[in-house]
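Asker: Please find model_37.txt (compact mmCIF, C-alpha atoms and all ligand atoms) on the next line:
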```txt
# COMPACT_ATOMS: atom_id res chain seq x y z
CA MET A 152 183.20 -86.95 17.86
CA THR A 153 179.94 -88.70 16.92
CA THR A 154 176.83 -87.29 18.55
CA LYS A 155 175.95 -89.05 21.77
CA HIS A 156 172.31 -89.70 22.57
CA PHE A 157 170.61 -89.46 25.95
CA PHE A 158 167.37 -90.77 27.38
CA ILE A 159 165.70 -89.40 30.55
CA LYS A 160 163.29 -91.27 32.81
CA THR A 161 161.65 -89.01 35.39
CA PHE A 162 160.08 -89.97 38.72
CA GLY A 163 158.30 -87.66 41.13
CA CYS A 164 156.81 -84.21 41.30
CA GLN A 165 156.40 -81.40 38.82
CA MET A 166 159.62 -79.82 40.08
CA ASN A 167 161.47 -82.97 39.02
CA LYS A 168 159.77 -82.98 35.62
CA ASN A 169 160.90 -79.41 35.21
CA ASP A 170 164.43 -80.36 36.22
CA SER A 171 164.42 -83.03 33.49
CA LEU A 172 163.67 -80.26 30.97
CA ILE A 173 166.62 -78.31 32.37
CA ILE A 174 168.87 -81.39 32.01
CA ALA A 175 167.66 -81.90 28.41
CA ASP A 176 168.26 -78.23 27.60
CA LEU A 177 171.77 -78.23 29.08
CA LEU A 178 172.80 -81.43 27.30
CA SER A 179 171.25 -80.40 23.96
CA THR A 180 173.16 -77.11 24.13
CA SER A 181 176.35 -79.12 24.67
CA GLY A 182 175.77 -81.18 21.51
CA TYR A 183 174.03 -84.25 22.91
CA ARG A 184 170.74 -85.38 21.37
CA GLN A 185 167.67 -86.54 23.33
CA VAL A 186 165.97 -89.76 22.19
CA ASN A 187 162.76 -91.51 23.19
CA ASP A 188 164.17 -95.02 22.97
CA PRO A 189 166.73 -96.07 25.61
CA GLU A 190 168.07 -98.78 23.29
CA ILE A 191 169.63 -96.17 21.01
CA ALA A 192 170.88 -94.05 23.92
CA ASP A 193 174.50 -93.81 25.07
CA ILE A 194 173.47 -92.08 28.29
CA PHE A 195 170.57 -93.09 30.54
CA ILE A 196 169.51 -90.52 33.13
CA VAL A 197 167.11 -91.56 35.87
CA ASN A 198 165.80 -88.45 37.62
CA THR A 199 164.65 -89.76 40.98
CA CYS A 200 162.35 -88.75 43.83
CA THR A 201 162.77 -89.42 47.54
CA VAL A 202 159.80 -87.64 49.04
CA ARG A 203 158.16 -90.92 50.05
CA ASP A 204 159.52 -94.38 50.66
CA HIS A 205 157.35 -95.74 47.86
CA ALA A 206 158.75 -93.27 45.29
CA GLU A 207 162.30 -94.21 46.23
CA ASN A 208 161.63 -97.95 46.03
CA ARG A 209 160.04 -97.56 42.59
CA ALA A 210 163.08 -95.66 41.31
CA LEU A 211 165.49 -98.20 42.82
CA SER A 212 163.71 -101.16 41.31
CA TYR A 213 163.62 -99.40 37.92
CA ILE A 214 167.36 -98.68 38.10
CA SER A 215 168.08 -102.30 39.07
CA SER A 216 166.42 -103.38 35.83
CA LEU A 217 168.97 -101.27 33.85
CA LYS A 218 171.84 -103.65 34.57
CA LYS A 219 171.16 -105.33 31.21
CA TRP A 220 171.17 -101.95 29.42
CA HIS A 221 174.51 -100.88 30.86
CA ASN A 222 177.88 -101.72 29.28
CA ASP A 223 181.38 -100.14 28.97
CA GLN A 224 180.25 -97.81 26.18
CA ARG A 225 177.18 -96.56 28.01
CA ILE A 226 176.74 -94.20 30.96
CA LEU A 227 174.12 -94.59 33.67
CA ILE A 228 173.31 -91.45 35.67
CA ILE A 229 171.22 -91.32 38.82
CA ALA A 230 170.03 -87.74 39.29
CA GLY A 231 167.57 -85.91 41.54
CA CYS A 232 166.55 -86.10 45.17
CA MET A 233 167.25 -89.79 45.82
CA ALA A 234 170.75 -89.27 44.40
CA ALA A 235 171.23 -86.40 46.85
CA ARG A 236 169.88 -88.36 49.81
CA LEU A 237 171.70 -91.65 49.28
CA SER A 238 174.80 -90.29 47.54
CA SER A 239 177.70 -92.81 47.74
CA GLU A 240 175.41 -95.37 49.42
CA LEU A 241 173.91 -95.86 45.96
CA THR A 242 177.14 -97.34 44.65
CA LYS A 243 176.57 -100.36 46.91
CA LYS A 244 173.02 -100.85 45.71
CA ILE A 245 173.80 -100.07 42.03
CA PRO A 246 177.51 -100.92 41.50
CA TYR A 247 177.35 -100.14 37.74
CA VAL A 248 176.21 -96.51 38.16
CA ASP A 249 178.64 -94.01 36.55
CA LEU A 250 177.41 -90.66 37.86
CA ILE A 251 175.40 -89.73 40.94
CA ILE A 252 174.31 -86.12 40.70
CA GLY A 253 172.11 -83.97 42.95
CA PRO A 254 169.43 -81.57 41.64
CA ASP A 255 171.65 -78.50 41.86
CA SER A 256 174.67 -79.76 39.93
CA TYR A 257 173.24 -80.23 36.44
CA ARG A 258 175.28 -77.41 34.91
CA LYS A 259 178.30 -79.68 35.34
CA LEU A 260 176.70 -82.66 33.58
CA SER A 261 178.37 -82.18 30.24
CA SER A 262 181.89 -81.84 31.68
CA TYR A 263 181.30 -84.88 33.92
CA LEU A 264 180.18 -86.86 30.86
CA ASN A 265 183.36 -85.92 28.98
CA THR A 266 185.46 -87.12 31.89
CA ILE A 267 183.55 -90.39 32.26
CA PHE A 268 183.62 -91.16 28.52
CA GLN A 269 187.39 -90.53 28.46
CA LYS A 270 188.47 -92.11 31.71
CA GLN A 271 185.68 -94.54 32.56
CA THR A 272 185.64 -93.19 36.07
CA ARG A 273 182.78 -92.74 38.50
CA ILE A 274 181.70 -89.29 39.79
CA ILE A 275 179.50 -88.32 42.73
CA ASP A 276 178.36 -84.69 43.09
CA VAL A 277 175.46 -83.94 45.39
CA VAL A 278 176.82 -80.98 47.34
CA SER A 279 175.82 -77.77 45.54
CA THR A 280 172.75 -76.04 47.02
CA GLU A 281 173.01 -72.50 45.62
CA GLU A 282 171.85 -73.09 42.07
CA THR A 283 168.74 -71.39 40.63
CA TYR A 284 169.39 -72.27 36.95
CA CYS A 285 169.15 -68.61 36.04
CA GLY A 286 169.41 -68.23 32.26
CA ILE A 287 168.28 -71.79 31.48
CA HIS A 288 164.99 -71.56 29.57
CA PRO A 289 163.96 -75.00 28.30
CA GLY A 290 161.83 -74.73 25.16
CA ILE A 291 158.38 -76.32 25.23
CA SER A 292 156.41 -77.47 22.23
CA GLY A 293 153.01 -77.80 23.95
CA ILE A 294 150.55 -75.21 25.18
CA THR A 295 151.17 -75.60 28.92
CA ALA A 296 154.48 -75.11 30.70
CA TYR A 297 155.99 -74.83 34.17
CA VAL A 298 158.44 -72.14 35.15
CA SER A 299 160.45 -72.60 38.29
CA ILE A 300 160.74 -69.30 40.21
CA MET A 301 162.67 -70.61 43.20
CA ARG A 302 164.36 -73.76 44.44
CA GLY A 303 164.73 -75.47 47.80
CA CYS A 304 162.87 -74.78 51.01
CA SER A 305 163.81 -73.47 54.46
CA ASN A 306 160.68 -74.46 56.35
CA PHE A 307 161.75 -77.83 57.72
CA CYS A 308 158.33 -79.35 58.18
CA SER A 309 159.19 -82.22 60.48
CA TYR A 310 158.23 -84.98 58.00
CA CYS A 311 159.80 -83.47 54.88
CA ILE A 312 163.10 -84.38 53.22
CA VAL A 313 163.08 -81.48 50.71
CA PRO A 314 165.29 -79.01 52.67
CA TYR A 315 167.90 -81.77 53.09
CA VAL A 316 168.07 -82.79 49.44
CA ARG A 317 167.21 -79.54 47.64
CA GLY A 318 168.81 -77.09 50.05
CA ARG A 319 167.47 -73.83 51.47
CA ALA A 320 165.06 -71.55 49.61
CA ARG A 321 166.60 -69.25 47.01
CA SER A 322 164.85 -67.27 44.28
CA ARG A 323 165.57 -66.68 40.62
CA PRO A 324 165.97 -63.11 39.40
CA ALA A 325 162.58 -61.63 38.41
CA ASP A 326 163.87 -60.42 35.03
CA ASP A 327 165.06 -63.92 34.14
CA ILE A 328 161.63 -65.35 34.99
CA ILE A 329 159.82 -62.70 32.92
CA LYS A 330 162.14 -63.39 30.01
CA GLU A 331 161.41 -67.12 30.17
CA VAL A 332 157.64 -66.52 30.34
CA LYS A 333 157.81 -64.16 27.33
CA ASN A 334 159.84 -66.70 25.34
CA LEU A 335 157.30 -69.42 26.11
CA VAL A 336 154.37 -67.19 25.14
CA ASN A 337 156.13 -66.42 21.84
CA THR A 338 156.38 -70.13 21.08
CA GLY A 339 152.63 -70.62 21.58
CA VAL A 340 152.37 -71.56 25.28
CA LYS A 341 148.99 -70.47 26.67
CA GLU A 342 149.22 -71.58 30.28
CA ILE A 343 152.13 -71.25 32.66
CA THR A 344 152.35 -72.53 36.21
CA LEU A 345 154.96 -70.83 38.39
CA LEU A 346 156.69 -73.46 40.49
CA GLY A 347 158.33 -73.47 43.89
CA GLN A 348 158.15 -75.51 47.10
CA ASN A 349 156.60 -72.41 48.68
CA VAL A 350 156.12 -69.73 46.03
CA ASN A 351 154.89 -67.23 48.63
CA GLU A 352 158.41 -67.03 50.01
CA TYR A 353 159.75 -65.79 46.67
CA SER A 354 162.12 -62.93 47.36
CA TYR A 355 164.61 -61.44 44.97
CA GLN A 356 166.04 -57.98 45.65
CA ASP A 357 162.95 -55.74 45.94
CA TRP A 358 160.53 -58.29 44.53
CA ASN A 359 158.19 -60.42 46.61
CA PHE A 360 155.81 -63.05 45.23
CA SER A 361 152.70 -60.92 44.82
CA GLN A 362 154.72 -58.25 43.01
CA LEU A 363 156.29 -60.85 40.73
CA LEU A 364 152.91 -62.42 40.00
CA ASN A 365 151.38 -59.03 39.20
CA ARG A 366 154.28 -58.16 36.95
CA ILE A 367 154.08 -61.43 34.98
CA ALA A 368 150.31 -61.08 34.58
CA ARG A 369 150.66 -57.52 33.25
CA GLU A 370 153.92 -57.56 31.32
CA THR A 371 153.45 -60.81 29.42
CA GLU A 372 150.59 -61.94 27.25
CA ILE A 373 150.13 -65.26 28.96
CA PHE A 374 146.50 -66.42 28.77
CA ASN A 375 146.43 -68.51 31.98
CA LEU A 376 148.81 -68.02 34.86
CA ARG A 377 148.88 -70.37 37.88
CA PHE A 378 151.21 -70.92 40.81
CA LEU A 379 152.10 -73.92 42.94
CA THR A 380 152.58 -74.53 45.93
CA SER A 381 151.41 -71.98 48.51
CA HIS A 382 152.29 -72.53 52.15
CA PRO A 383 149.21 -71.40 54.12
CA LYS A 384 151.36 -69.50 56.61
CA ASP A 385 152.69 -67.23 53.85
CA LEU A 386 149.73 -66.70 51.51
CA GLY A 387 148.40 -63.23 52.30
CA LEU A 388 145.75 -60.76 51.19
CA GLN A 389 148.19 -59.04 48.85
CA THR A 390 148.53 -62.16 46.68
CA ILE A 391 144.80 -62.92 46.84
CA GLU A 392 144.14 -59.37 45.58
CA VAL A 393 146.61 -59.77 42.73
CA VAL A 394 144.75 -62.93 41.68
CA LYS A 395 141.42 -61.11 41.97
CA ASN A 396 142.58 -58.11 39.93
CA ASN A 397 144.16 -59.93 37.00
CA LYS A 398 141.88 -61.86 34.67
CA ASN A 399 144.73 -63.99 33.35
CA ILE A 400 145.62 -65.36 36.81
CA CYS A 401 143.53 -68.47 37.44
CA PRO A 402 141.55 -68.29 40.70
CA TRP A 403 142.89 -71.63 41.90
CA PHE A 404 144.82 -72.03 45.15
CA HIS A 405 146.71 -75.17 46.12
CA LEU A 406 147.03 -74.91 49.89
CA PRO A 407 148.33 -78.01 51.68
CA LEU A 408 146.40 -78.49 54.93
CA GLN A 409 148.29 -81.66 55.99
CA SER A 410 146.26 -82.11 59.19
CA GLY A 411 143.19 -80.67 60.89
CA SER A 412 144.58 -81.18 64.39
CA ASN A 413 146.48 -78.34 66.06
CA ARG A 414 148.66 -80.73 68.04
CA ILE A 415 149.66 -82.64 64.91
CA LEU A 416 150.21 -79.40 62.95
CA LYS A 417 152.58 -78.32 65.71
CA MET A 418 154.43 -81.63 65.60
CA MET A 419 154.65 -81.22 61.83
CA ASN A 420 156.14 -77.72 62.34
CA ARG A 421 153.59 -76.29 59.92
CA GLN A 422 153.41 -72.94 61.78
CA TYR A 423 149.65 -72.41 61.48
CA THR A 424 146.56 -73.66 63.29
CA ARG A 425 143.34 -75.13 61.93
CA GLU A 426 141.56 -71.88 62.87
CA TYR A 427 144.10 -69.82 60.91
CA TYR A 428 143.71 -72.14 57.93
CA GLN A 429 139.92 -71.88 58.03
CA ASN A 430 140.11 -68.09 58.19
CA LEU A 431 142.42 -68.07 55.19
CA ILE A 432 139.93 -70.15 53.17
CA GLN A 433 137.14 -67.77 54.21
CA LEU A 434 139.21 -64.80 53.14
CA ILE A 435 139.90 -66.33 49.70
CA ARG A 436 136.23 -67.19 49.21
CA LYS A 437 135.12 -63.73 50.35
CA GLU A 438 137.49 -61.98 47.95
CA ILE A 439 137.07 -64.44 45.05
CA PRO A 440 133.76 -66.31 45.40
CA ASP A 441 134.42 -68.65 42.45
CA ALA A 442 137.95 -69.59 43.62
CA THR A 443 138.77 -73.29 43.67
CA ILE A 444 140.94 -74.72 46.41
CA SER A 445 142.90 -77.95 46.45
CA THR A 446 145.04 -79.42 49.19
CA ASP A 447 147.46 -82.10 50.38
CA ILE A 448 146.73 -84.19 53.47
CA ILE A 449 148.96 -86.61 55.35
CA VAL A 450 147.17 -89.38 57.23
CA GLY A 451 148.64 -91.36 60.10
CA PHE A 452 151.33 -88.97 61.27
CA PRO A 453 153.05 -90.52 64.34
CA THR A 454 150.88 -90.34 67.48
CA GLU A 455 147.79 -89.12 65.55
CA THR A 456 144.81 -90.26 67.65
CA GLU A 457 141.42 -91.24 66.29
CA ASP A 458 140.01 -87.92 67.58
CA GLU A 459 142.77 -85.93 65.88
CA TYR A 460 142.20 -87.80 62.63
CA ASN A 461 138.50 -86.98 62.95
CA GLU A 462 139.40 -83.30 63.29
CA THR A 463 140.96 -83.56 59.83
CA ILE A 464 137.86 -85.30 58.49
CA GLU A 465 135.64 -82.62 60.00
CA LEU A 466 137.67 -79.85 58.37
CA VAL A 467 137.63 -81.64 55.01
CA LYS A 468 133.83 -81.90 55.21
CA THR A 469 133.50 -78.24 56.22
CA ILE A 470 135.87 -76.74 53.69
CA LYS A 471 134.90 -79.06 50.81
CA PHE A 472 138.10 -78.94 48.78
CA ASP A 473 137.77 -79.04 45.01
CA ASP A 474 140.58 -81.58 44.90
CA ALA A 475 142.96 -83.25 47.35
CA TYR A 476 146.15 -85.28 47.23
CA MET A 477 145.96 -87.66 50.16
CA TYR A 478 148.93 -89.64 51.40
CA ARG A 479 149.83 -92.05 54.14
CA TYR A 480 152.63 -90.75 56.35
CA SER A 481 155.99 -92.03 55.11
CA PRO A 482 158.98 -91.62 57.46
CA ARG A 483 162.03 -90.11 55.78
CA PRO A 484 165.47 -90.64 57.32
CA LYS A 485 167.14 -87.46 58.71
CA THR A 486 163.82 -85.69 59.31
CA ARG A 487 162.67 -84.93 62.85
CA ALA A 488 159.48 -87.00 62.50
CA ALA A 489 161.53 -90.10 61.59
CA ARG A 490 162.43 -90.33 65.29
CA TYR A 491 158.79 -90.73 66.31
CA LYS A 492 157.10 -94.11 66.66
CA ASN A 493 154.87 -94.97 63.71
CA LEU A 494 151.23 -95.94 63.93
CA PRO A 495 150.32 -99.49 62.87
CA GLU A 496 150.04 -99.85 59.11
CA SER A 497 146.48 -101.21 59.34
CA VAL A 498 145.32 -98.06 61.18
CA ILE A 499 146.94 -95.73 58.62
CA LYS A 500 145.49 -97.70 55.72
CA LYS A 501 141.96 -97.61 57.13
CA ARG A 502 142.13 -93.88 57.89
CA LEU A 503 143.48 -93.05 54.45
CA GLN A 504 140.81 -95.06 52.64
CA ASN A 505 138.05 -93.41 54.68
CA LEU A 506 139.42 -89.95 53.87
CA ILE A 507 139.70 -90.80 50.16
CA ASP A 508 136.07 -92.01 50.12
CA ILE A 509 134.84 -88.83 51.79
CA GLN A 510 136.85 -86.54 49.51
CA ASN A 511 135.71 -88.46 46.42
CA ARG A 512 132.09 -87.86 47.42
CA ILE A 513 132.85 -84.14 47.80
CA ILE A 514 134.48 -84.02 44.36
CA ARG A 515 131.48 -85.78 42.85
CA GLU A 516 129.09 -83.26 44.53
CA LYS A 517 131.24 -80.38 43.27
CA SER A 518 131.26 -81.80 39.75
CA GLU A 519 127.47 -82.13 39.82
CA LYS A 520 127.18 -78.48 40.79
CA MET A 521 128.88 -77.65 37.49
CA LEU A 522 125.92 -79.08 35.53
CA GLY A 523 124.25 -76.47 33.32
CA LYS A 524 126.98 -73.89 34.02
CA LYS A 525 129.34 -72.41 31.46
CA TYR A 526 133.13 -72.38 31.74
CA GLU A 527 135.96 -71.03 29.69
CA VAL A 528 138.07 -74.06 28.80
CA LEU A 529 141.60 -74.19 27.41
CA ILE A 530 141.89 -77.29 25.22
CA GLU A 531 145.02 -79.33 25.92
CA GLY A 532 144.59 -82.32 23.63
CA LEU A 533 142.39 -85.05 22.25
CA ALA A 534 140.29 -87.38 24.38
CA ARG A 535 138.54 -90.62 23.43
CA ASN A 536 135.26 -88.90 22.62
CA GLY A 537 136.37 -85.40 21.76
CA SER A 538 138.88 -83.11 23.44
CA ARG A 539 140.29 -82.60 26.88
CA GLY A 540 140.72 -79.21 28.46
CA LYS A 541 140.89 -77.41 31.77
CA THR A 542 138.77 -74.69 33.37
CA LYS A 543 140.38 -71.71 35.07
CA GLY A 544 139.58 -73.53 38.33
CA ASN A 545 141.92 -76.37 37.30
CA LYS A 546 139.13 -78.86 36.62
CA TYR A 547 139.55 -81.23 33.69
CA VAL A 548 136.58 -81.29 31.33
CA ILE A 549 135.88 -83.47 28.29
CA VAL A 550 134.38 -81.60 25.37
CA ASN A 551 132.38 -83.60 22.81
CA GLU A 552 134.10 -82.12 19.76
CA SER A 553 137.55 -82.37 18.24
CA MET A 554 139.39 -79.16 18.96
CA MET A 555 142.98 -78.08 18.54
CA PRO A 556 145.32 -77.83 21.56
CA GLY A 557 145.37 -74.16 22.54
CA ASP A 558 141.77 -73.50 21.47
CA ILE A 559 139.78 -71.56 24.04
CA CYS A 560 136.07 -72.27 24.12
CA GLU A 561 133.02 -71.61 26.19
CA VAL A 562 131.71 -74.95 27.39
CA GLU A 563 128.39 -75.83 28.96
CA ILE A 564 128.53 -78.85 31.26
CA ILE A 565 125.86 -81.32 30.22
CA LYS A 566 126.66 -84.46 32.22
CA ILE A 567 129.08 -85.99 34.71
CA VAL A 568 130.74 -89.34 34.09
CA GLY A 569 132.56 -90.64 37.14
CA HIS A 570 134.04 -87.41 38.46
CA THR A 571 134.58 -85.89 35.04
CA PRO A 572 132.34 -83.14 33.69
CA ILE A 573 131.39 -83.56 30.04
CA GLY A 574 130.53 -80.43 28.12
CA ARG A 575 129.39 -79.11 24.80
CA ILE A 576 130.84 -76.09 23.11
CA LYS A 577 128.59 -73.05 23.10
CA LYS A 578 128.37 -71.58 19.59
CA GLN A 579 128.76 -67.84 19.23
CA ASN A 580 125.06 -67.23 18.47
CA GLU A 581 123.79 -69.31 21.42
S1 LIG B 1 157.07 -76.26 53.05
FE1 LIG B 1 157.40 -78.03 54.37
S2 LIG B 1 156.48 -79.72 53.17
FE2 LIG B 1 156.82 -78.04 51.74
S3 LIG B 1 158.82 -78.45 50.84
FE3 LIG B 1 159.13 -77.05 52.57
S4 LIG B 1 159.61 -78.39 54.31
FE4 LIG B 1 158.68 -79.68 52.69
```
So, in terms of structure tokens, how does the structure I just supplied come out?

Answerer:
Amino acid sequence: MTTKHFFIKTFGCQMNKNDSLIIADLLSTSGYRQVNDPEIADIFIVNTCTVRDHAENRALSYISSLKKWHNDQRILIIAGCMAARLSSELTKKIPYVDLIIGPDSYRKLSSYLNTIFQKQTRIIDVVSTEETYCGIHPGISGITAYVSIMRGCSNFCSYCIVPYVRGRARSRPADDIIKEVKNLVNTGVKEITLLGQNVNEYSYQDWNFSQLLNRIARETEIFNLRFLTSHPKDLGLQTIEVVKNNKNICPWFHLPLQSGSNRILKMMNRQYTREYYQNLIQLIRKEIPDATISTDIIVGFPTETEDEYNETIELVKTIKFDDAYMYRYSPRPKTRAARYKNLPESVIKKRLQNLIDIQNRIIREKSEKMLGKKYEVLIEGLARNGSRGKTKGNKYVIVNESMMPGDICEVEIIKIVGHTPIGRIKKQNE
């Protein structure tokens, strides 16, 4: 049999990008070869996202454009969360699709491909929800990598589709995770981010998240270790102390706030209050004064009043996040919040823009505070006027010299352009 080639287009979050690496690893092991040009591919995999309406529409319009690419000799696969959500419905929208596969069925990809190539049939498999992809360790050629420690989520925030398309939370065996981290370190990876919808809920046999984190920091020689995402309700002192006591764990916490109003938080089923959240931030800053904190915020949740929106704004101004991902509320079918009446689009748009403007000012102020200070920076690649790297606090910095990816340098911030700190490398004798 001649070698078949596959091309993957990925939409969505880091978890999806990681899943694309798993797909590539599984197919490469089965004798398929990945290519960067869809025109020479026999198999086109679109790994989709459904977390927001916009993400789904983008994926659908992209897939519609593949009609010209598809023919009897070629296979089109729709994978990921949108495949799981829409399942057979997709065959009406995209009649030429050959395989619709959910995020937990990728181990069966190769056997499905054999069947489709032989029988020119269509397959839909979006039902499995137990998979953790234990034993799959995609190789990485760069210096940063993501390692998924768990899949799915059992929290059922009222606006979120994840538990419906990725199933309930389940954790990978700790030994398998350690093995993957060690393999990556051996191939030159310097920074690893542990991934999960709520990493703090990691639980495998006797291991909880803070124990796993401590073990990875101590048993592997990873230079920078990060983790993403922490649900505020589950991040405790134990994990904060592990971060504090291990120099190779970056003191950066991504803690989605979502709203500053207690009534809206309750409607969102977030299981914490604004006061609890504020106390948690205080605790982190008390234990680790140079910790950086980023967040996610949803604007315009159904029934959010102007006063409740202003409670979010007030909290944003008080906490001063180092970074924030801000979104308009997007109703997702099946979720509890989809039953609520939406706010007018114009109101949501105005509120979101105001929040973005305020947060941008905060980021600018924070960047300016970096002026004259020194940071350890891990170089990730070239930039237009030098190199691009990241501080332990997850802040991108441009360095005015050409450095190699993986270099670690002490950088003094000398100016700010836009929101980006520009630095010069401190020489050893300075
Ligand atoms: S914690 Fe909530 S928002 Fe995050 S993935 Fe789970 S259900 Fe969705």

Asker: Report as a tab-separated table: every residue of chain A with an atom at most 12 Å from ligand LIG 1 (chain B), its closest pair of atoms, and their distance in Å to one decimal, counting all atoms listed in the file, with rows sorted by chain and ascending residue number.

Answerer:
```
residue	atom	partner	partner_atom	distance
A:Cys164	CA	B:LIG1	S3	11.3
A:Met166	CA	B:LIG1	S3	10.9
A:Thr201	CA	B:LIG1	FE4	11.8
A:Val202	CA	B:LIG1	FE4	8.8
A:Arg203	CA	B:LIG1	FE4	11.6
A:Met301	CA	B:LIG1	S3	11.6
A:Arg302	CA	B:LIG1	S3	9.7
A:Gly303	CA	B:LIG1	S3	7.3
A:Cys304	CA	B:LIG1	FE3	4.6
A:Ser305	CA	B:LIG1	FE3	6.2
A:Asn306	CA	B:LIG1	S4	4.6
A:Phe307	CA	B:LIG1	S4	4.1
A:Cys308	CA	B:LIG1	FE1	4.1
A:Ser309	CA	B:LIG1	S4	7.3
A:Tyr310	CA	B:LIG1	S2	7.4
A:Cys311	CA	B:LIG1	FE4	4.5
A:Ile312	CA	B:LIG1	FE4	6.5
A:Val313	CA	B:LIG1	FE4	5.1
A:Pro314	CA	B:LIG1	S4	5.9
A:Tyr315	CA	B:LIG1	S4	9.0
A:Val316	CA	B:LIG1	S3	10.3
A:Arg317	CA	B:LIG1	S3	9.0
A:Gly318	CA	B:LIG1	FE3	10.0
A:Arg319	CA	B:LIG1	FE3	9.0
A:Ala320	CA	B:LIG1	FE3	8.6
A:Leu346	CA	B:LIG1	S3	11.7
A:Gly347	CA	B:LIG1	S3	8.6
A:Gln348	CA	B:LIG1	S3	4.8
A:Asn349	CA	B:LIG1	S1	5.8
A:Val350	CA	B:LIG1	S1	9.6
A:Asn351	CA	B:LIG1	S1	10.3
A:Glu352	CA	B:LIG1	S1	9.8
A:Leu379	CA	B:LIG1	FE2	10.8
A:Thr380	CA	B:LIG1	FE2	8.0
A:Ser381	CA	B:LIG1	S1	8.4
A:His382	CA	B:LIG1	S1	6.1
A:Pro383	CA	B:LIG1	S1	9.3
A:Lys384	CA	B:LIG1	S1	9.5
A:Asp385	CA	B:LIG1	S1	10.1
A:His405	CA	B:LIG1	FE2	11.9
A:Leu406	CA	B:LIG1	FE2	10.4
A:Pro407	CA	B:LIG1	S2	8.5
A:Leu408	CA	B:LIG1	S2	10.3
A:Gln409	CA	B:LIG1	S2	8.9
A:Leu416	CA	B:LIG1	FE1	11.3
A:Met419	CA	B:LIG1	FE1	8.6
A:Asn420	CA	B:LIG1	FE1	8.1
A:Arg421	CA	B:LIG1	FE1	7.0
A:Gln422	CA	B:LIG1	FE1	9.8
A:Tyr423	CA	B:LIG1	S1	11.9
A:Asp447	CA	B:LIG1	S2	9.7
A:Ile448	CA	B:LIG1	S2	10.7
A:Ile449	CA	B:LIG1	S2	10.4
A:Arg483	CA	B:LIG1	FE4	11.4
A:Thr486	CA	B:LIG1	S4	9.8
A:Arg487	CA	B:LIG1	S4	11.2
A:Ala488	CA	B:LIG1	S4	11.9
```

Asker: Separation of atom CA of A:Thr283 and atom CA of A:Leu264, in Å?

Answerer: 21.6 Å

Asker: Which residue gives the smallest distance to A:Leu376 among A:Lys543, A:Glu516, A:Asn430, A:Val450, with all atoms listed in the file counted?

Answerer: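 Of all the options, A:Lys543 lies closest to A:Leu376.
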
Asker: Just the number, please: distance in Å from atom CA of A:Leu172 to atom CA of A:Thr446, one decimal.

Answerer: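 Between atom CA of A:Leu172 and atom CA of A:Thr446 the gap is 26.1 Å.
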
Asker: What does the distance from atom CA of A:Arg377 to atom CA of A:Ser518 come to in Å, to one decimal?

Answerer: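 Distance reported for this atom pair: 21.1 Å.
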
Asker: Please, which residues are within 10 Å of (144.7, -67.0, 33.2) by the file's coordinates, counting all atoms listed in the file, and could they come as number ranges by chain?

Answerer: A: 341-344, 368, 372-377, 394, 397-402, 529, 542-544

Asker: Neighbours of stretch 206-208 of chain A within 10 Å (all atoms listed in the file; same-chain residues fewer than 3 positions away dropped), as a list in words?

Answerer: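 So the residues in contact are Phe162, Gly163, Thr199, Cys200, Thr201, Val202, Arg203, Leu211, Ser212, Tyr213, Ile214, Cys232, Met233 and Ala234 of chain A.
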
Asker: Hey, what's within 9 Å of A:Arg366 if we count only C-alpha atoms and toss same-chain stuff fewer than 5 positions away? As an mmCIF file with C-alpha atoms, in the coordinates of the input, please?

Answerer:
```cif
data_model
loop_
_atom_site.group_PDB
_atom_site.id
_atom_site.type_symbol
_atom_site.label_atom_id
_atom_site.label_comp_id
_atom_site.auth_asym_id
_atom_site.auth_seq_id
_atom_site.Cartn_x
_atom_site.Cartn_y
_atom_site.Cartn_z
ATOM 1 C CA ILE A 329 159.820 -62.700 32.920
ATOM 2 C CA SER A 361 152.700 -60.920 44.820
ATOM 3 C CA THR A 371 153.450 -60.810 29.420
#
```

Asker: With distances taken over all atoms listed in the file, which of A:Ala235, A:Leu335, A:Ala192, A:Ile470 is nearest to A:Glu426?

Answerer: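 Answer, going by the shortest atom-to-atom distance: A:Ile470.
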
Asker: Nearest to A:Gly451 among A:Lys520, A:Lys471, A:Lys492, A:Lys541, with distances taken over only C-alpha atoms: which residue is it?

Answerer: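 Under the stated criterion, the closest residue is A:Lys492.
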
Asker: Select, from A:Asn222, A:Thr295, A:Thr180, A:Thr424, the residue with the minimum atom-to-atom distance to A:Arg258, counting only C-alpha atoms.

Answerer: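 Counting only C-alpha atoms, the residue closest to A:Arg258 is A:Thr180.
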
Asker: For A:Leu260, find every residue with an atom within 12 Å (counting all atoms listed in the file), except residues of its own chain fewer than 6 positions away, and show them as a list of chain:residue names.

Answerer: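 My reading of the contact set: A:Phe157, A:Ile173, A:Ile174, A:Ala175, A:Asp176, A:Leu177, A:Leu178, A:Ser179, A:Thr180, A:Ser181, A:Tyr183, A:Ile194, A:Ile196, A:Ile226, A:Ile228, A:Ile229, A:Ala230, A:Asp249, A:Leu250, A:Ile251, A:Ile252, A:Gly253, A:Pro254, A:Thr266, A:Ile267, A:Ile274, A:Ile275, A:Asp276, A:Val277.
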
Asker: Just the residues within 12 Å of A:Pro189, please, counting all atoms listed in the file, with nothing from its chain fewer than 4 positions along; format it as a PyMOL selection string.

Answerer: chain A and resi 156-160+185+193-197+217+219-221+225-227

Asker: Could you check the closest approach to A:Lys525 for each of A:Leu494, A:Val467, A:Leu237, A:Ile564 and tell me which residue wins, using only C-alpha atoms?

Answerer: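 Using only C-alpha atoms, the shortest distance to A:Lys525 belongs to A:Ile564.
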